[in-house]
Amino acid sequence: MAIAVVLVGEQASSLRPDLESLGLETASSVDETEADRVFVLGIGSDAHSALLHGTREDVAGVVRIDGSPPVAAARAGDFRAPVLAVVAEEDEGDAYAFAKALTNHGVLNETVVYDDVPRGFVGAHEHATKDVWRLLRRFIGVPSPD
């Protein structure tokens with residue numbers, strides 16, 4: 001089964017080599033891949049746009065690392081795809097409001113909040129970055145080398 005990760009924005013695109021080394025296809029849009037399962041990943045200011053792909057029927061899951069969530073779309077019941085949200089402590093309120101709205105509409109979701117870690121932690125905070133990779137691999141279904 002082919003798995004693709006659509007990378008939304010420059011920060012997410014910087015993960016392309018690491019994702020491809022895991023045997024994953026990467027793409028810039030959902031429409032340019034023919035993979036059996038498609039995930040969409042956004043980091044920081046691009047996370048919002050990435051999450052909105054979760055309203056599509058042809059997306060297996062969406063990942064938000066940092067950035068603001070589309071709470072209104074979640075409250076409206078627009079989401080279909082499972083969501084993994086990984087955020088810094090200062091975004092905890094919005095993250096949990098988003099998770100609650102998804103849960104209220106039966107959408108599978110996981111929210112991870114890193115205490116005492118600032119926004120923009122991917123690549124800047126060793127423990128959080130390593131954990132993001134663990135969570136991402138698990139969410140997408142790629143076995144961990146550990």
# chains A, B, ... in the order shown; residues from 1 in each chain; ligands from 1

call {"tool": "residues_around", "arguments": {"residues": "His105 (chain A)", "least_positions_apart": "6", "cutoff": "12 Å", "atoms": "only C-alpha atoms", "output": "PyMOL selection string"}}
result
chain A and resi 73-82+98-99

call {"tool": "select_by_dssp", "arguments": {"residues": "chain A", "states": "strand (DSSP E or B)", "output": "VMD selection string"}}
result
chain A and resid 3 to 8 25 to 27 37 to 43 61 to 65 83 to 88 109 to 114

call {"tool": "closest_residue", "arguments": {"among": "A:Ile65, A:Leu108, A:Leu41, A:Ala60", "to": "Ser13 (chain A)", "atoms": "only C-alpha atoms"}}
result
A:Leu41

call {"tool": "closest_residue", "arguments": {"among": "A:Thr103, A:Thr33, A:Asn109, A:Gln11", "to": "Gly67 (chain A)", "atoms": "only C-alpha atoms"}}
result
A:Gln11

call {"tool": "closest_residue", "arguments": {"among": "A:Asp94, A:Gly61, A:Arg56, A:His48", "to": "Ile3 (chain A)", "atoms": "only C-alpha atoms"}}
result
A:Gly61

call {"tool": "closest_residue", "arguments": {"among": "A:Phe39, A:Phe139, A:Tyr114, A:Tyr96", "to": "Ala27 (chain A)", "atoms": "only C-alpha atoms"}}
result
A:Phe39

call {"tool": "residues_around", "arguments": {"residues": "Ala47 (chain A)", "least_positions_apart": "2", "cutoff": "7 Å", "atoms": "only C-alpha atoms", "output": "CSV table (one decimal) with all heavy atoms, in the first residue's frame"}}
result
chain,number,residue,atom,x,y,z
A,42,GLY,N,1.3,20.2,8.0
A,42,GLY,CA,1.6,21.6,7.9
A,42,GLY,C,2.3,22.0,9.3
A,42,GLY,O,1.9,21.4,10.3
A,43,ILE,N,3.2,22.9,9.2
A,43,ILE,CA,3.9,23.4,10.4
A,43,ILE,C,3.7,24.9,10.5
A,43,ILE,O,3.9,25.6,9.5
A,43,ILE,CB,5.4,23.0,10.3
A,43,ILE,CG1,5.6,21.5,10.2
A,43,ILE,CG2,6.2,23.5,11.5
A,43,ILE,CD1,7.0,21.1,10.0
A,44,GLY,N,3.5,25.4,11.7
A,44,GLY,CA,3.5,26.8,12.0
A,44,GLY,C,2.3,27.5,11.2
A,44,GLY,O,1.2,27.0,11.3
A,45,SER,N,2.6,28.5,10.5
A,45,SER,CA,1.5,29.3,9.9
A,45,SER,C,0.8,28.5,8.8
A,45,SER,O,-0.3,28.9,8.4
A,45,SER,CB,2.1,30.6,9.3
A,45,SER,OG,3.1,30.4,8.4
A,49,SER,N,-3.9,25.6,7.0
A,49,SER,CA,-4.2,25.2,5.6
A,49,SER,C,-4.1,23.7,5.5
A,49,SER,O,-5.0,23.1,4.9
A,49,SER,CB,-3.3,25.8,4.6
A,49,SER,OG,-3.4,27.2,4.6
A,50,ALA,N,-3.1,23.1,6.1
A,50,ALA,CA,-3.0,21.6,6.1
A,50,ALA,C,-4.2,21.0,6.8
A,50,ALA,O,-4.7,20.0,6.2
A,50,ALA,CB,-1.7,21.2,6.8
A,51,LEU,N,-4.6,21.5,7.9
A,51,LEU,CA,-5.7,20.9,8.6
A,51,LEU,C,-7.0,20.9,7.8
A,51,LEU,O,-7.8,20.0,7.9
A,51,LEU,CB,-5.9,21.6,10.0
A,51,LEU,CG,-4.9,21.3,11.0
A,51,LEU,CD1,-5.2,22.1,12.3
A,51,LEU,CD2,-5.0,19.8,11.4
A,64,ARG,N,-1.0,18.7,12.3
A,64,ARG,CA,-0.7,20.1,12.6
A,64,ARG,C,0.4,20.1,13.6
A,64,ARG,O,0.4,19.5,14.7
A,64,ARG,CB,-1.9,20.7,13.3
A,64,ARG,CG,-1.6,22.0,14.0
A,64,ARG,CD,-2.8,22.4,14.9
A,64,ARG,NE,-2.4,23.6,15.7
A,64,ARG,CZ,-3.0,23.9,16.8
A,64,ARG,NH1,-3.9,23.1,17.4
A,64,ARG,NH2,-2.6,25.0,17.4
A,65,ILE,N,1.5,20.8,13.3
A,65,ILE,CA,2.6,21.0,14.2
A,65,ILE,C,2.7,22.5,14.4
A,65,ILE,O,3.0,23.2,13.4
A,65,ILE,CB,3.9,20.4,13.7
A,65,ILE,CG1,3.8,18.9,13.4
A,65,ILE,CG2,5.1,20.7,14.7
A,65,ILE,CD1,4.9,18.3,12.7
A,66,ASP,N,2.4,23.0,15.6
A,66,ASP,CA,2.3,24.4,15.8
A,66,ASP,C,1.2,25.0,15.0
A,66,ASP,O,0.4,24.3,14.4
A,66,ASP,CB,3.7,25.1,15.5
A,66,ASP,CG,4.6,25.2,16.6
A,66,ASP,OD1,4.2,25.0,17.8
A,66,ASP,OD2,5.8,25.6,16.4
A,67,GLY,N,1.1,26.3,15.0
A,67,GLY,CA,0.0,27.0,14.2
A,67,GLY,C,-1.4,26.9,14.8
A,67,GLY,O,-1.6,26.2,15.7
A,68,SER,N,-2.2,27.7,14.2
A,68,SER,CA,-3.6,27.8,14.7
A,68,SER,C,-4.6,26.8,14.0
A,68,SER,O,-4.5,26.7,12.8
A,68,SER,CB,-4.1,29.2,14.6
A,68,SER,OG,-4.2,29.6,13.2

call {"tool": "decode", "arguments": {"residues": "region 93-133 of chain A", "atoms": "N, CA and C atoms", "output": "PDB file, in the first residue's frame"}}
result
ATOM      1  N   GLY A  93      -4.963  26.213  24.704  1.00  0.00           N
ATOM      2  CA  GLY A  93      -6.392  26.521  24.712  1.00  0.00           C
ATOM      3  C   GLY A  93      -7.062  26.261  23.379  1.00  0.00           C
ATOM      4  N   ASP A  94      -6.487  26.804  22.308  1.00  0.00           N
ATOM      5  CA  ASP A  94      -7.037  26.588  20.965  1.00  0.00           C
ATOM      6  C   ASP A  94      -6.970  25.113  20.572  1.00  0.00           C
ATOM      7  N   ALA A  95      -5.879  24.462  20.966  1.00  0.00           N
ATOM      8  CA  ALA A  95      -5.710  23.049  20.622  1.00  0.00           C
ATOM      9  C   ALA A  95      -6.815  22.200  21.236  1.00  0.00           C
ATOM     10  N   TYR A  96      -7.123  22.458  22.500  1.00  0.00           N
ATOM     11  CA  TYR A  96      -8.151  21.659  23.158  1.00  0.00           C
ATOM     12  C   TYR A  96      -9.558  22.020  22.684  1.00  0.00           C
ATOM     13  N   ALA A  97      -9.790  23.277  22.328  1.00  0.00           N
ATOM     14  CA  ALA A  97     -11.088  23.662  21.752  1.00  0.00           C
ATOM     15  C   ALA A  97     -11.305  22.937  20.424  1.00  0.00           C
ATOM     16  N   PHE A  98     -10.251  22.871  19.626  1.00  0.00           N
ATOM     17  CA  PHE A  98     -10.304  22.167  18.343  1.00  0.00           C
ATOM     18  C   PHE A  98     -10.555  20.676  18.568  1.00  0.00           C
ATOM     19  N   ALA A  99      -9.805  20.069  19.484  1.00  0.00           N
ATOM     20  CA  ALA A  99      -9.960  18.644  19.779  1.00  0.00           C
ATOM     21  C   ALA A  99     -11.371  18.335  20.279  1.00  0.00           C
ATOM     22  N   LYS A 100     -11.895  19.183  21.146  1.00  0.00           N
ATOM     23  CA  LYS A 100     -13.248  18.968  21.671  1.00  0.00           C
ATOM     24  C   LYS A 100     -14.280  19.017  20.544  1.00  0.00           C
ATOM     25  N   ALA A 101     -14.127  19.983  19.639  1.00  0.00           N
ATOM     26  CA  ALA A 101     -15.067  20.090  18.516  1.00  0.00           C
ATOM     27  C   ALA A 101     -14.989  18.861  17.619  1.00  0.00           C
ATOM     28  N   LEU A 102     -13.771  18.372  17.357  1.00  0.00           N
ATOM     29  CA  LEU A 102     -13.617  17.157  16.548  1.00  0.00           C
ATOM     30  C   LEU A 102     -14.264  15.960  17.244  1.00  0.00           C
ATOM     31  N   THR A 103     -13.997  15.819  18.521  1.00  0.00           N
ATOM     32  CA  THR A 103     -14.553  14.699  19.299  1.00  0.00           C
ATOM     33  C   THR A 103     -16.080  14.745  19.303  1.00  0.00           C
ATOM     34  N   ASN A 104     -16.635  15.934  19.454  1.00  0.00           N
ATOM     35  CA  ASN A 104     -18.094  16.080  19.466  1.00  0.00           C
ATOM     36  C   ASN A 104     -18.733  15.622  18.158  1.00  0.00           C
ATOM     37  N   HIS A 105     -17.943  15.612  17.074  1.00  0.00           N
ATOM     38  CA  HIS A 105     -18.457  15.173  15.775  1.00  0.00           C
ATOM     39  C   HIS A 105     -17.926  13.789  15.381  1.00  0.00           C
ATOM     40  N   GLY A 106     -17.323  13.089  16.340  1.00  0.00           N
ATOM     41  CA  GLY A 106     -16.886  11.722  16.098  1.00  0.00           C
ATOM     42  C   GLY A 106     -15.636  11.583  15.255  1.00  0.00           C
ATOM     43  N   VAL A 107     -14.821  12.628  15.166  1.00  0.00           N
ATOM     44  CA  VAL A 107     -13.592  12.570  14.385  1.00  0.00           C
ATOM     45  C   VAL A 107     -12.447  12.139  15.297  1.00  0.00           C
ATOM     46  N   LEU A 108     -11.749  11.090  14.894  1.00  0.00           N
ATOM     47  CA  LEU A 108     -10.598  10.638  15.668  1.00  0.00           C
ATOM     48  C   LEU A 108      -9.544  11.731  15.701  1.00  0.00           C
ATOM     49  N   ASN A 109      -8.985  11.966  16.891  1.00  0.00           N
ATOM     50  CA  ASN A 109      -7.960  12.997  16.999  1.00  0.00           C
ATOM     51  C   ASN A 109      -7.098  12.749  18.215  1.00  0.00           C
ATOM     52  N   GLU A 110      -5.869  13.249  18.109  1.00  0.00           N
ATOM     53  CA  GLU A 110      -4.932  13.207  19.228  1.00  0.00           C
ATOM     54  C   GLU A 110      -4.254  14.560  19.297  1.00  0.00           C
ATOM     55  N   THR A 111      -4.233  15.133  20.489  1.00  0.00           N
ATOM     56  CA  THR A 111      -3.567  16.410  20.709  1.00  0.00           C
ATOM     57  C   THR A 111      -2.463  16.204  21.725  1.00  0.00           C
ATOM     58  N   VAL A 112      -1.261  16.653  21.363  1.00  0.00           N
ATOM     59  CA  VAL A 112      -0.105  16.574  22.252  1.00  0.00           C
ATOM     60  C   VAL A 112       0.379  17.999  22.491  1.00  0.00           C
ATOM     61  N   VAL A 113       0.470  18.371  23.773  1.00  0.00           N
ATOM     62  CA  VAL A 113       0.933  19.700  24.154  1.00  0.00           C
ATOM     63  C   VAL A 113       2.253  19.553  24.892  1.00  0.00           C
ATOM     64  N   TYR A 114       3.263  20.290  24.425  1.00  0.00           N
ATOM     65  CA  TYR A 114       4.568  20.271  25.083  1.00  0.00           C
ATOM     66  C   TYR A 114       4.658  21.444  26.049  1.00  0.00           C
ATOM     67  N   ASP A 115       4.722  21.138  27.342  1.00  0.00           N
ATOM     68  CA  ASP A 115       4.891  22.165  28.361  1.00  0.00           C
ATOM     69  C   ASP A 115       6.293  22.747  28.282  1.00  0.00           C
ATOM     70  N   ASP A 116       6.387  24.028  28.558  1.00  0.00           N
ATOM     71  CA  ASP A 116       7.681  24.725  28.608  1.00  0.00           C
ATOM     72  C   ASP A 116       8.476  24.632  27.312  1.00  0.00           C
ATOM     73  N   VAL A 117       7.775  24.505  26.201  1.00  0.00           N
ATOM     74  CA  VAL A 117       8.426  24.486  24.887  1.00  0.00           C
ATOM     75  C   VAL A 117       7.788  25.613  24.070  1.00  0.00           C
ATOM     76  N   PRO A 118       8.592  26.504  23.501  1.00  0.00           N
ATOM     77  CA  PRO A 118       8.030  27.629  22.740  1.00  0.00           C
ATOM     78  C   PRO A 118       7.541  27.214  21.354  1.00  0.00           C
ATOM     79  N   ARG A 119       6.731  28.070  20.760  1.00  0.00           N
ATOM     80  CA  ARG A 119       6.341  27.866  19.364  1.00  0.00           C
ATOM     81  C   ARG A 119       7.604  27.771  18.511  1.00  0.00           C
ATOM     82  N   GLY A 120       7.493  27.081  17.407  1.00  0.00           N
ATOM     83  CA  GLY A 120       8.640  26.928  16.511  1.00  0.00           C
ATOM     84  C   GLY A 120       9.647  25.922  17.036  1.00  0.00           C
ATOM     85  N   PHE A 121       9.159  24.927  17.770  1.00  0.00           N
ATOM     86  CA  PHE A 121      10.048  23.971  18.442  1.00  0.00           C
ATOM     87  C   PHE A 121      10.646  22.908  17.525  1.00  0.00           C
ATOM     88  N   VAL A 122      10.051  22.639  16.367  1.00  0.00           N
ATOM     89  CA  VAL A 122      10.569  21.586  15.498  1.00  0.00           C
ATOM     90  C   VAL A 122      11.959  21.982  14.994  1.00  0.00           C
ATOM     91  N   GLY A 123      12.910  21.143  15.292  1.00  0.00           N
ATOM     92  CA  GLY A 123      14.295  21.410  14.936  1.00  0.00           C
ATOM     93  C   GLY A 123      15.037  22.246  15.957  1.00  0.00           C
ATOM     94  N   ALA A 124      14.308  22.958  16.813  1.00  0.00           N
ATOM     95  CA  ALA A 124      14.940  23.836  17.802  1.00  0.00           C
ATOM     96  C   ALA A 124      14.970  23.213  19.198  1.00  0.00           C
ATOM     97  N   HIS A 125      14.113  22.254  19.437  1.00  0.00           N
ATOM     98  CA  HIS A 125      14.038  21.608  20.755  1.00  0.00           C
ATOM     99  C   HIS A 125      14.195  20.105  20.534  1.00  0.00           C
ATOM    100  N   GLU A 126      15.313  19.555  20.958  1.00  0.00           N
ATOM    101  CA  GLU A 126      15.673  18.176  20.630  1.00  0.00           C
ATOM    102  C   GLU A 126      14.626  17.147  21.074  1.00  0.00           C
ATOM    103  N   HIS A 127      14.203  17.198  22.335  1.00  0.00           N
ATOM    104  CA  HIS A 127      13.242  16.207  22.826  1.00  0.00           C
ATOM    105  C   HIS A 127      11.917  16.297  22.074  1.00  0.00           C
ATOM    106  N   ALA A 128      11.394  17.504  21.923  1.00  0.00           N
ATOM    107  CA  ALA A 128      10.110  17.674  21.237  1.00  0.00           C
ATOM    108  C   ALA A 128      10.204  17.235  19.778  1.00  0.00           C
ATOM    109  N   THR A 129      11.305  17.569  19.112  1.00  0.00           N
ATOM    110  CA  THR A 129      11.477  17.182  17.702  1.00  0.00           C
ATOM    111  C   THR A 129      11.510  15.660  17.566  1.00  0.00           C
ATOM    112  N   LYS A 130      12.245  15.003  18.435  1.00  0.00           N
ATOM    113  CA  LYS A 130      12.317  13.538  18.386  1.00  0.00           C
ATOM    114  C   LYS A 130      10.942  12.926  18.638  1.00  0.00           C
ATOM    115  N   ASP A 131      10.200  13.489  19.573  1.00  0.00           N
ATOM    116  CA  ASP A 131       8.874  12.973  19.881  1.00  0.00           C
ATOM    117  C   ASP A 131       7.897  13.208  18.729  1.00  0.00           C
ATOM    118  N   VAL A 132       8.018  14.362  18.058  1.00  0.00           N
ATOM    119  CA  VAL A 132       7.159  14.635  16.893  1.00  0.00           C
ATOM    120  C   VAL A 132       7.369  13.555  15.839  1.00  0.00           C
ATOM    121  N   TRP A 133       8.613  13.168  15.595  1.00  0.00           N
ATOM    122  CA  TRP A 133       8.889  12.115  14.607  1.00  0.00           C
ATOM    123  C   TRP A 133       8.266  10.794  15.037  1.00  0.00           C
TER     124      TRP A 133
END
